[in-house]
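S.K.: My structure is in input-v2.csv, and what it holds is CSV, C-alpha atoms and all ligand atoms:
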chain,number,residue,atom,x,y,z
A,26,MET,CA,78.9,29.9,-60.9
A,27,ASN,CA,79.5,27.8,-57.9
A,28,ILE,CA,83.1,26.4,-57.8
A,29,SER,CA,83.8,23.6,-55.3
A,30,ARG,CA,86.8,22.9,-53.2
A,31,ARG,CA,87.3,19.9,-55.6
A,32,ASP,CA,87.7,22.3,-58.5
A,33,PHE,CA,90.4,24.2,-56.7
A,34,LEU,CA,92.2,21.0,-55.9
A,35,ARG,CA,91.8,19.9,-59.5
A,36,LEU,CA,93.4,23.1,-60.7
A,37,CYS,CA,96.3,22.6,-58.3
A,38,THR,CA,96.7,19.0,-59.2
A,39,ALA,CA,96.6,19.7,-62.9
A,40,SER,CA,99.2,22.4,-62.4
A,41,SER,CA,101.2,20.6,-59.8
A,42,ALA,CA,104.3,20.3,-62.1
A,43,THR,CA,104.5,23.9,-63.0
A,44,LEU,CA,103.3,24.9,-59.6
A,45,ALA,CA,105.7,22.6,-57.8
A,46,LEU,CA,103.0,21.3,-55.6
A,47,SER,CA,103.8,17.9,-54.1
A,48,SER,CA,101.3,15.2,-53.2
A,49,LEU,CA,101.8,16.1,-49.6
A,50,ASP,CA,101.0,19.8,-50.4
A,51,LEU,CA,97.8,18.7,-52.1
A,52,LEU,CA,96.9,16.5,-49.2
A,53,ARG,CA,97.5,19.3,-46.7
A,54,LEU,CA,95.6,21.8,-49.0
A,55,GLU,CA,92.7,19.4,-49.2
A,56,GLN,CA,92.6,19.1,-45.4
A,57,ALA,CA,92.8,22.8,-44.9
A,58,LEU,CA,90.0,23.5,-47.4
A,59,ALA,CA,87.8,20.7,-46.0
A,60,ASN,CA,88.1,22.3,-42.5
A,61,PRO,CA,85.3,24.7,-42.0
A,62,ASN,CA,87.6,26.5,-39.6
A,63,GLY,CA,90.4,26.8,-42.2
A,64,PRO,CA,92.1,30.1,-42.8
A,65,SER,CA,90.4,33.0,-44.6
A,66,VAL,CA,92.2,35.3,-47.0
A,67,LEU,CA,92.3,39.1,-46.7
A,68,TRP,CA,93.5,40.8,-49.8
A,69,LEU,CA,94.5,44.5,-49.6
A,70,GLN,CA,95.4,46.8,-52.5
A,71,GLY,CA,97.7,49.8,-52.0
A,72,SER,CA,100.0,51.7,-54.4
A,73,GLY,CA,100.0,49.8,-57.6
A,74,CYS,CA,98.2,49.5,-60.9
A,75,THR,CA,95.9,46.6,-60.0
A,76,GLY,CA,97.8,44.6,-62.6
A,77,CYS,CA,98.5,41.9,-60.1
A,78,SER,CA,94.8,41.2,-59.6
A,79,VAL,CA,94.2,41.6,-63.3
A,80,SER,CA,96.9,39.1,-64.0
A,81,LEU,CA,95.2,36.6,-61.7
A,82,LEU,CA,91.8,37.3,-63.0
A,83,ASN,CA,93.1,36.9,-66.6
A,84,ARG,CA,93.6,33.2,-66.1
A,85,ILE,CA,90.8,31.5,-68.1
A,86,SER,CA,90.4,27.8,-68.6
A,87,GLY,CA,88.1,25.8,-70.7
A,88,SER,CA,87.3,23.5,-67.8
A,89,ALA,CA,86.2,24.4,-64.3
A,90,PRO,CA,87.3,26.4,-62.5
A,91,THR,CA,87.1,28.6,-65.6
A,92,THR,CA,88.2,31.7,-63.9
A,93,VAL,CA,90.3,32.4,-60.9
A,94,GLY,CA,87.7,35.0,-59.8
A,95,ASP,CA,85.2,32.3,-59.4
A,96,LEU,CA,87.7,30.2,-57.7
A,97,LEU,CA,88.7,32.7,-55.1
A,98,ILE,CA,85.2,33.9,-54.3
A,99,ASN,CA,83.6,30.5,-54.1
A,100,THR,CA,86.3,28.1,-53.0
A,101,ILE,CA,88.6,29.7,-50.5
A,102,ASN,CA,87.2,32.0,-48.0
A,103,LEU,CA,88.3,35.3,-49.6
A,104,ALA,CA,86.9,37.5,-47.0
A,105,TYR,CA,88.1,40.9,-48.3
A,106,HIS,CA,89.2,41.9,-51.8
A,107,PRO,CA,88.5,45.5,-53.0
A,108,ASN,CA,87.6,44.4,-56.6
A,109,LEU,CA,86.0,41.0,-56.0
A,110,MET,CA,83.9,41.2,-52.8
A,111,ALA,CA,80.2,41.7,-53.1
A,112,THR,CA,80.0,44.1,-50.2
A,113,ALA,CA,81.5,47.6,-49.9
A,114,GLY,CA,81.9,50.3,-47.3
A,115,ASP,CA,81.3,49.7,-43.6
A,116,SER,CA,80.0,46.1,-44.0
A,117,ALA,CA,83.1,45.1,-46.0
A,118,VAL,CA,85.4,46.6,-43.3
A,119,ALA,CA,83.4,44.9,-40.6
A,120,VAL,CA,84.1,41.5,-42.2
A,121,ALA,CA,87.8,42.3,-42.3
A,122,ARG,CA,87.7,43.3,-38.7
A,123,GLN,CA,85.9,40.1,-37.7
A,124,VAL,CA,88.4,38.0,-39.5
A,125,HIS,CA,91.2,39.9,-37.9
A,126,ALA,CA,89.7,39.4,-34.5
A,127,ALA,CA,89.4,35.6,-35.1
A,128,GLY,CA,93.1,35.6,-36.1
A,129,ASN,CA,92.9,32.6,-38.6
A,130,TYR,CA,93.8,34.2,-41.9
A,131,ILE,CA,96.3,34.8,-44.6
A,132,LEU,CA,97.1,38.4,-45.5
A,133,ALA,CA,97.8,39.1,-49.2
A,134,VAL,CA,99.0,42.6,-50.0
A,135,GLU,CA,99.1,43.9,-53.5
A,136,GLY,CA,100.9,47.2,-54.2
A,137,GLY,CA,103.4,49.2,-52.2
A,138,ILE,CA,102.8,51.2,-49.0
A,139,PRO,CA,103.1,55.1,-49.1
A,140,THR,CA,104.8,56.3,-46.0
A,141,ALA,CA,105.2,60.0,-46.7
A,142,PHE,CA,102.6,62.5,-45.3
A,143,GLY,CA,101.7,60.2,-42.5
A,144,GLY,CA,100.6,57.6,-45.0
A,145,ALA,CA,97.9,60.0,-46.3
A,146,PRO,CA,98.5,59.3,-50.1
A,147,CYS,CA,96.7,55.9,-49.7
A,148,TRP,CA,93.6,55.2,-47.6
A,149,ALA,CA,92.5,51.6,-47.0
A,150,TRP,CA,89.0,52.4,-45.8
A,151,THR,CA,87.0,54.6,-43.4
A,152,GLU,CA,86.1,53.1,-40.0
A,153,ASN,CA,83.6,54.8,-37.7
A,154,GLY,CA,84.1,58.0,-39.8
A,155,VAL,CA,87.8,57.9,-39.4
A,156,ASP,CA,90.1,57.4,-42.5
A,157,VAL,CA,92.5,54.5,-42.0
A,158,THR,CA,95.8,54.7,-44.0
A,159,PHE,CA,96.9,51.7,-46.0
A,160,ALA,CA,100.1,51.6,-43.9
A,161,SER,CA,98.0,51.3,-40.7
A,162,ALA,CA,95.6,48.7,-42.1
A,163,VAL,CA,98.4,46.5,-43.4
A,164,THR,CA,100.4,46.8,-40.1
A,165,THR,CA,97.4,46.0,-38.0
A,166,LEU,CA,96.3,43.0,-40.1
A,167,ALA,CA,99.8,41.7,-40.5
A,168,GLY,CA,100.1,41.5,-36.7
A,169,ARG,CA,97.8,38.4,-36.4
A,170,ALA,CA,98.2,36.9,-39.9
A,171,LYS,CA,99.4,33.3,-40.2
A,172,ALA,CA,101.4,34.4,-43.2
A,173,VAL,CA,101.8,37.6,-45.2
A,174,LEU,CA,102.0,37.3,-48.9
A,175,SER,CA,103.4,40.2,-50.9
A,176,ILE,CA,101.7,39.9,-54.2
A,177,GLY,CA,103.8,41.6,-56.9
A,178,THR,CA,107.1,43.5,-57.0
A,179,CYS,CA,105.5,46.7,-55.6
A,180,ALA,CA,104.4,44.9,-52.4
A,181,ALA,CA,107.6,43.0,-52.1
A,182,TRP,CA,110.1,45.9,-52.5
A,183,GLY,CA,108.3,49.0,-53.7
A,184,GLY,CA,108.8,48.3,-57.4
A,185,MET,CA,107.3,50.6,-60.0
A,186,SER,CA,105.4,52.5,-57.3
A,187,ALA,CA,108.6,53.4,-55.6
A,188,ALA,CA,110.5,54.5,-58.7
A,189,PRO,CA,112.3,57.8,-58.4
A,190,PRO,CA,111.4,60.4,-57.4
A,191,ASN,CA,108.8,58.5,-55.3
A,192,PRO,CA,107.2,61.6,-53.7
A,193,THR,CA,104.8,59.5,-51.6
A,194,GLY,CA,107.6,57.5,-50.0
A,195,VAL,CA,106.4,54.1,-51.2
A,196,LYS,CA,108.0,51.1,-49.5
A,197,GLY,CA,107.6,47.3,-49.7
A,198,VAL,CA,105.5,45.5,-47.1
A,199,LYS,CA,108.3,44.0,-45.1
A,200,ALA,CA,110.1,47.4,-44.8
A,201,VAL,CA,106.9,48.8,-43.2
A,202,ILE,CA,105.7,45.9,-41.0
A,203,GLY,CA,109.2,44.8,-39.9
A,204,LYS,CA,108.3,41.1,-40.5
A,205,SER,CA,109.2,38.7,-43.3
A,206,THR,CA,106.8,38.3,-46.1
A,207,VAL,CA,106.5,35.6,-48.8
A,208,ASN,CA,107.3,37.6,-52.0
A,209,ILE,CA,105.4,36.4,-55.1
A,210,ALA,CA,107.4,38.7,-57.3
A,211,GLY,CA,106.6,40.1,-60.8
A,212,CYS,CA,105.1,43.2,-62.3
A,213,PRO,CA,102.7,41.5,-62.5
A,214,PRO,CA,103.2,38.0,-61.1
A,215,HIS,CA,102.1,35.1,-63.3
A,216,PRO,CA,98.6,33.9,-62.2
A,217,ASP,CA,100.0,30.4,-61.4
A,218,TRP,CA,102.5,31.9,-59.0
A,219,ILE,CA,99.7,33.7,-57.2
A,220,VAL,CA,97.6,30.6,-57.0
A,221,TRP,CA,100.7,28.7,-55.8
A,222,GLY,CA,101.3,31.3,-53.0
A,223,VAL,CA,97.7,31.3,-51.8
A,224,ALA,CA,97.5,27.5,-51.9
A,225,LYS,CA,100.8,27.0,-50.1
A,226,ALA,CA,100.0,29.6,-47.5
A,227,ILE,CA,96.6,27.9,-46.8
A,228,ALA,CA,98.3,24.5,-46.6
A,229,GLY,CA,101.1,26.0,-44.4
A,230,THR,CA,103.8,24.6,-46.8
A,231,VAL,CA,105.4,27.7,-48.4
A,232,GLY,CA,108.9,26.1,-48.2
A,233,THR,CA,112.2,27.8,-48.3
A,234,LEU,CA,112.7,31.4,-49.5
A,235,ASP,CA,115.7,33.0,-51.1
A,236,SER,CA,117.5,36.0,-49.5
A,237,TYR,CA,114.9,38.3,-51.1
A,238,GLY,CA,111.9,36.4,-49.6
A,239,ARG,CA,111.0,34.7,-52.9
A,240,PRO,CA,110.0,31.0,-52.8
A,241,ARG,CA,112.8,29.0,-54.2
A,242,ALA,CA,110.3,26.7,-55.8
A,243,LEU,CA,109.2,29.5,-58.2
A,244,PHE,CA,112.3,31.7,-58.3
A,245,GLY,CA,115.2,29.3,-58.0
A,246,ARG,CA,116.5,29.6,-61.5
A,247,THR,CA,117.3,32.5,-63.8
A,248,VAL,CA,115.3,33.3,-67.0
A,249,HIS,CA,118.5,32.8,-68.9
A,250,ASP,CA,119.0,29.3,-67.6
A,251,GLN,CA,115.6,28.3,-69.1
A,252,CYS,CA,115.7,30.4,-72.2
A,253,PRO,CA,115.4,28.6,-75.6
A,254,ARG,CA,117.6,31.4,-77.1
A,255,GLU,CA,120.6,30.7,-74.9
A,256,GLU,CA,122.5,29.1,-77.8
A,257,GLN,CA,121.4,31.6,-80.4
A,258,ASP,CA,123.4,34.4,-81.9
A,259,GLU,CA,123.0,37.8,-80.3
A,260,THR,CA,121.2,40.6,-82.1
A,261,SER,CA,121.5,44.3,-81.8
A,262,THR,CA,118.3,45.2,-83.5
A,263,TYR,CA,114.7,44.5,-82.5
A,264,GLY,CA,112.2,42.2,-84.3
A,265,GLN,CA,114.6,39.3,-84.8
A,266,ASP,CA,113.1,35.9,-84.2
A,267,ARG,CA,115.2,33.2,-82.5
A,268,ARG,CA,118.1,35.6,-81.6
A,269,CYS,CA,119.5,36.3,-78.1
A,270,LEU,CA,118.6,39.7,-76.9
A,271,LYS,CA,121.5,40.2,-74.5
A,272,LYS,CA,122.9,43.2,-76.5
A,273,LEU,CA,119.5,44.9,-76.2
A,274,GLY,CA,119.8,44.8,-72.4
A,275,CYS,CA,118.1,41.6,-71.7
A,276,TYR,CA,118.0,41.0,-67.9
A,277,GLY,CA,117.5,37.3,-68.2
A,278,PRO,CA,120.9,36.4,-66.9
A,279,VAL,CA,120.3,38.0,-63.5
A,280,THR,CA,116.5,37.7,-63.2
A,281,ARG,CA,115.0,34.8,-61.3
A,282,ALA,CA,111.7,33.6,-62.7
A,283,MET,CA,110.2,30.7,-64.6
A,284,CYS,CA,108.5,32.7,-67.4
A,285,ALA,CA,109.9,30.5,-70.2
A,286,THR,CA,108.1,27.4,-68.8
A,287,ALA,CA,105.1,29.2,-67.2
A,288,GLN,CA,104.3,31.2,-70.4
A,289,TRP,CA,101.9,34.2,-70.2
A,290,ASN,CA,98.4,35.2,-71.3
A,291,ASN,CA,96.9,31.8,-70.8
A,292,ARG,CA,100.2,30.2,-72.1
A,293,ALA,CA,100.2,32.1,-75.4
A,294,ASN,CA,103.7,33.4,-75.2
A,295,TRP,CA,106.3,35.2,-73.0
A,296,CYS,CA,108.5,38.3,-73.3
A,297,VAL,CA,111.6,36.9,-75.0
A,298,ASP,CA,109.6,34.8,-77.6
A,299,ALA,CA,107.7,38.1,-78.4
A,300,ASN,CA,111.2,39.5,-79.2
A,301,ALA,CA,111.1,41.8,-76.1
A,302,GLN,CA,114.1,41.5,-73.7
A,303,CYS,CA,113.5,40.5,-70.1
A,304,ILE,CA,113.3,43.7,-68.0
A,305,GLY,CA,113.8,41.9,-64.7
A,306,CYS,CA,110.4,42.6,-63.2
A,307,THR,CA,110.8,39.9,-60.5
A,308,GLU,CA,113.9,41.5,-59.0
A,309,PRO,CA,114.2,43.9,-56.1
A,310,SER,CA,116.0,46.4,-58.3
A,311,PHE,CA,113.1,46.7,-60.7
A,312,PRO,CA,112.4,49.1,-62.5
A,313,GLY,CA,115.8,50.7,-62.0
A,314,ALA,CA,116.8,54.3,-62.4
A,315,PRO,CA,116.8,55.4,-65.1
A,316,LEU,CA,114.1,53.0,-66.2
A,317,ARG,CA,115.8,50.0,-67.6
A,318,PHE,CA,113.5,49.2,-70.5
A,319,HIS,CA,116.0,50.2,-73.2
A,320,ALA,CA,119.1,50.5,-71.0
A,321,GLU,CA,122.4,48.8,-71.8
A,322,PHE,CA,123.0,45.6,-69.9
A,323,ASP,CA,124.9,46.7,-66.9
A,324,ASP,CA,125.0,43.8,-64.4
A,401,LIG,FE1,102.8,46.8,-58.9
A,401,LIG,FE2,100.3,45.4,-58.7
A,401,LIG,FE3,103.3,46.0,-61.2
A,401,LIG,FE4,100.9,46.7,-61.2
A,401,LIG,O1,98.9,46.4,-58.1
A,401,LIG,S1,103.8,44.8,-59.3
A,401,LIG,S2,102.6,48.2,-60.7
A,401,LIG,S3,101.7,45.1,-62.5
A,401,LIG,O2,99.8,45.6,-60.4
A,401,LIG,O3,101.5,46.3,-57.6
A,402,LIG,FE1,119.5,34.9,-71.9
A,402,LIG,FE2,118.0,37.0,-72.7
A,402,LIG,FE3,119.6,35.8,-74.5
A,402,LIG,FE4,117.4,34.5,-73.5
A,402,LIG,S1,117.4,36.4,-74.8
A,402,LIG,S2,119.5,33.7,-73.8
A,402,LIG,S3,117.4,35.3,-71.4
A,402,LIG,S4,120.2,37.0,-72.6
In structure tokens, what does this structure look like?

M.R.:
Amino acid sequence: MNISRRDFLRLCTASSATLALSSLDLLRLEQALANPNGPSVLWLQGSGCTGCSVSLLNRISGSAPTTVGDLLINTINLAYHPNLMATAGDSAVAVARQVHAAGNYILAVEGGIPTAFGGAPCWAWTENGVDVTFASAVTTLAGRAKAVLSIGTCAAWGGMSAAPPNPTGVKGVKAVIGKSTVNIAGCPPHPDWIVWGVAKAIAGTVGTLDSYGRPRALFGRTVHDQCPREEQDETSTYGQDRRCLKKLGCYGPVTRAMCATAQWNNRANWCVDANAQCIGCTEPSFPGAPLRFHAEFDD
């Protein structure tokens, strides 16, 4: 399926309210996409579960662009993505190197970066017969990137991949490259947030970030602030519809994310409305130690 630039703009326009894209953003995005010399996107995957890409690819629409996979491959110049690119091996690496040399690209990193054992727990690729660690590939490509997006909580701060005992020494991207990243948090992030990040980075209008590097447009309010159960009685047992889950350890009061309005799985539902407490997956402290899934609320 051939998806046009117009389709990408239509998606962004249709979602402009939830995506917080202004008309100026859309104009700049249109100009960037219309420019044959506009930025490419290099997407690297390190230590994670690939759930970030799966979340993005799980966005399905009845109207074009029907899937984000089509969108990314055919609309923006997604020059490298381990799951989506048609090429593999040396030819794929050669494309990444060409884009790096030209210097006009956005770097999107999914997954954390292992730093123990000289980075050997995670190889990005082999180049001229030499294995290149993920840490080395990210550091090199970040050097010339117009913007670096950390896609998911693992890339942002280590997340699940850095949970104790973390024998491979996983760290977030910023901690390794020593340069700020735009953190599209979540384990995984909502597909709209990923589209937002890519679109805004291409348009050059990411806007202000909070102290954890998250765009304020997406992560400006807590889950609790937007939760329809805020006025409901608290419950101490699971499976109770329309009851607040605070006593079950809900992290909504300290977690910044717009899940209640974005909704998940093609807008079918979200954690709290499925009677599962928020576990704070967009926060730097996620997943906590011990894992917080059934912990007492302690913040
Ligand atoms: Fe991490 Fe991505 Fe969680 Fe998984 O690869 S943010 S473990 S959903 O998918 O990095
Ligand atoms: Fe807040 Fe969680 Fe209760 Fe919703 S369920 S009102 S997010 S504590």

S.K.: Rank A:Lys204, A:Lys196, A:Arg281, A:Arg317 by their smallest atom-to-atom distance to Ala242 (chain A), using all atoms listed in the file, and report the top residue only.

M.R.: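 That would be A:Arg281, the residue with the smallest distance to Ala242 (chain A).
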
S.K.: Quick one: of A:Arg292, A:His215, A:Arg268, A:Arg246, who's nearest to ligand LIG 401 (chain A), counting all atoms listed in the file?

M.R.: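 Using all atoms listed in the file, the shortest distance to ligand LIG 401 (chain A) belongs to A:His215.
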
S.K.: I'd like the neighbourhood of Asp115 (chain A) as a PyMOL selection string, where a residue qualifies if any of its atoms comes within 7 Å (using all atoms listed in the file), though same-chain residues fewer than 3 positions away should be ignored.

M.R.: chain A and resi 118-119+152

S.K.: What does the list of residues within 7 Å of ligand LIG 401 (chain A) look like if you count all atoms listed in the file, written as a list in words?

M.R.: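 Result of the 7 Å neighbour search around ligand LIG 401 (chain A): Gln70, Ser72, Gly73, Cys74, Thr75, Gly76, Cys77, Ser78, Glu135, Gly136, Gly137, Gly177, Thr178, Cys179, Ala180, Gly184, Met185, Ser186, Gly211, Cys212 and Pro213 of chain A.
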
S.K.: Neighbours of ligand LIG 402 (chain A) at 8 Å or closer, counting only C-alpha atoms and all ligand atoms: which residues, as a ChimeraX atom specification?

M.R.: /A:248-257,259,268-272,274-278,297,302-303

S.K.: Which residue is closest to Pro139 (chain A)? Choose from A:Ala301, A:Ala200, A:Ala121, A:Val173 and count all atoms listed in the file.

M.R.: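 The closest residue to Pro139 (chain A) is A:Ala200.
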
S.K.: Give the answer as one residue: which of A:Ala314, A:Val223, A:Ala127, A:Ala104 has the shortest atom-to-atom distance to Arg169 (chain A), using only C-alpha atoms?

M.R.: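 Closest to Arg169 (chain A) of all the choices is A:Ala127.
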
S.K.: Using all atoms listed in the file, find the one residue out of A:Val163, A:Leu82, A:Val279, A:Ile209 that sits nearest to Ile138 (chain A).

M.R.: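 Of all the options, A:Val163 lies closest to Ile138 (chain A).
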
S.K.: I'd like the interatomic distance between CA of Val195 (chain A) and CA of Pro146 (chain A), to a tenth of an Å.

M.R.: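 Rounded to one decimal, the two atoms are 9.5 Å apart.
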
S.K.: Excluding Thr151 (chain A) and its own-chain neighbours fewer than 4 positions away, which residues fall within 9 Å of it when counting only C-alpha atoms? Please give them as a list in words.

M.R.: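 Using only C-alpha atoms, the neighbours found are Gly114, Asp115, Val118, Val155, Asp156, Val157 and Thr158 of chain A.
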
S.K.: Report, in Å to a single decimal, how far apart CA of Asn291 (chain A) and CA of Arg267 (chain A) are.

M.R.: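 Interatomic distance, CA of Arg267 (chain A) to CA of Asn291 (chain A): 21.8 Å.
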
S.K.: Smallest atom-to-atom distance to Ala285 (chain A): which of A:Ala210, A:Ala299, A:Ala117, A:Ala149, using all atoms listed in the file?

M.R.: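 Closest to Ala285 (chain A), using all atoms listed in the file: A:Ala299.
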